[in-house]
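Everything on this sheet refers to the single structure shown next.
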Amino acid sequence: MIWKRSAVLRFYSVCGLLLQAAASKNKVKGSQGQFPLTQNVTVVEGGTAILTCRVDQNDNTSLQWSNPAQQTLYFDDKKALRDNRIELVRASWHELSISVSDVTLSDEGQYTCSLFTMPVKTSKAYLTVLGVPEKPQISGFSSPVMEGDLMQLTCKTSGSKPAADIRWFKNDKEIKDVKYLKEEDANRKTFTVSSTLDFRVDRSDDGVAVICRVDHESLNATPQVAMQVLEIHYTPSVKIIPSTPFPQEGQPLTLTCESKGKPLPEPVLWTKDGGELPDPDRMVVSGRELNILFLNKTDNGTYRCEATNTIGQSSAEYVLIVHDPNALAGQTGPDHALIGGIVAVVVFVTLCSIFLLGRYLARHKGTYLTNEAKGAEDAPDADTAIINAEGSQVNAEEKKEYFI
């Protein structure tokens with residue numbers, strides 16, 4: 001009896017095992033069409049990353065998110081890791097989405113979504129964290145710089161991941177010939193990038209803005225810039241500008257000494273023929289202007305303007321020639337002799353043409369009369385001459401004369 005009872009228990013145990021195996025086999029077979037789907041995510045440091053895991057066909061199987069350290073973040077809608085930055089976005093049989101706010105560089109890595117089928121299926125999503133470059137700084141400029149000196153400017157930015165790109169601009173024109181250096185920061189995640197610009201300055205660089213621009217994918221097409229305005233000191237350049245191109249006797253004249261330099265040259269020095277101005281009462285200096293009242297022939301000569309600043313000295317000269325108003329008026333009036341000569345030539349050519357034309361017409365008219373009188377010279381009397389003349393008129397119809 002005991003043996004029979006033991007046999008029955010063994011039979012049920014075997015049946016249970018067979019049913020369990022069959023159920024397990026059916027579950028595995030049904031899970032073959034279930035696959036978790038994820039996507040890689042890129043986020044700027046300090047931003048928020050959304051990690052999404054989707055399953056198109058799910059028979060109520062659990063989903064789980066874990067971090068690169070294989071710590072479970074969420075199991076279905078249950079939070080497993082105590083991190084206030086990690087929140088649930090959506091939890092269902094077909095999706096498990098979580099958010100990680102205030103992302104740091106240490107959050108970067110491979111995250112895993114697990115679907116608890118038999119066997120467990122996983123999908124990986126790599127979280128890339130971009131390090132934002134710091135605002136660039138320009139060093140190496142010491143004001144002022146002398147014309148002709150070699151200037152070296154360095155632009156540096158730190159904290160970029162991947163390494164940022166630095167570009168230089170001068171007068172809105174990019175400068176290509178620069179040095180570039182990339183160094184890994186102490187955290188071994190970000191980079192410090194520097195670029196050096198070398199060029200020799202001249203006076204045209206004074207007041208020019210040199211711009212260092214940092215480009216990086218984390219800046220959303222809005223680059224960071226640093227600007228340095230150059231201050232260049234240079235010797236003066238001098239030019240004398242007269243108030244009139246034809247100075248006339250008895251009229252005033254103003255000579256302006258246009259001087260440019262940095263520092264600005266002030267005041268200017270006026271001299272004539274290498275010495276002081278001979279007539280201070282008529283030659284008055286006002287700032288950069290030399291005013292000469294009532295010009296006369298004695299004012300002729302070479303006037304010199306000299307400008308000086310802390311960098312150097314420069315000068316310009318102007319040769320003054322005082323013109324006679326009457327002679328100047330004659331030069332500027334119409335040339336009557338030239339006009340008279342032209343008229344005489346025209347009249348002469350006209351008269352010659354009339355004379356030649358008259359002679360030509362007269363010669364051809366005489367020839368016509370002579371031909372008409374032919375036949376009358378040998379006539380013995382007047383009646384015969386008339387008859388011959390009439391015969392000449394008849395023959396004249398056969399002969400045609402042309403006048404050109």
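Numbering starts fresh at 1 for the residues of each chain in the structure tokens, the chains themselves are lettered A, B, ... in the order given, and ligands are numbered from 1 as they appear.
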Each residue of region 159-244 of chain A lying at most 12 Å from region 106-116 of chain A should get a row with its shortest atom-to-atom pair and the distance in Å to one decimal, counting only C-alpha atoms; could you produce that, ordered by chain and increasing number, as a tab-separated table?
```
residue	atom	partner	partner_atom	distance
A:Lys161	CA	A:Glu108	CA	11.6
A:Asn187	CA	A:Ser106	CA	10.1
A:Arg188	CA	A:Ser106	CA	11.1
A:Lys189	CA	A:Ser106	CA	9.0
A:Thr190	CA	A:Ser106	CA	11.4
```
Per-residue nearest contacts region 102-160 of chain A to region 252-271 of chain A, cut-off 10 Å, using only C-alpha atoms, as a Markdown table:
```
| residue | atom | partner | partner_atom | distance |
| --- | --- | --- | --- | --- |
| A:Pro144 | CA | A:Lys262 | CA | 9.9 |
| A:Met146 | CA | A:Lys262 | CA | 9.7 |
| A:Glu147 | CA | A:Lys262 | CA | 10.0 |
```
(request) as a PyMOL selection string, list the residues of region 259-353 of chain A assigned to strand (DSSP E or B) by DSSP on the backbone atoms of this structure. (result) chain A and resi 259-262+269-272+275+283-286+289-292+301-308+313-320+323
(request) Would you work out the distance separating CA of Asn171 (chain A) from CA of Ser194 (chain A), expressed in Å to one decimal? (result) 21.2 Å
(request) Pick out the closest residue to Leu130 (chain A) from this set: A:Glu45, A:Asp165, A:Asp198, A:Asp177. Count only C-alpha atoms. (result) A:Glu45
(message) I'd like to know which of A:Pro278, A:Gly301, A:Gly287, A:Gly312 is closest to Pro236 (chain A), using only C-alpha atoms.
(response) A:Gly312
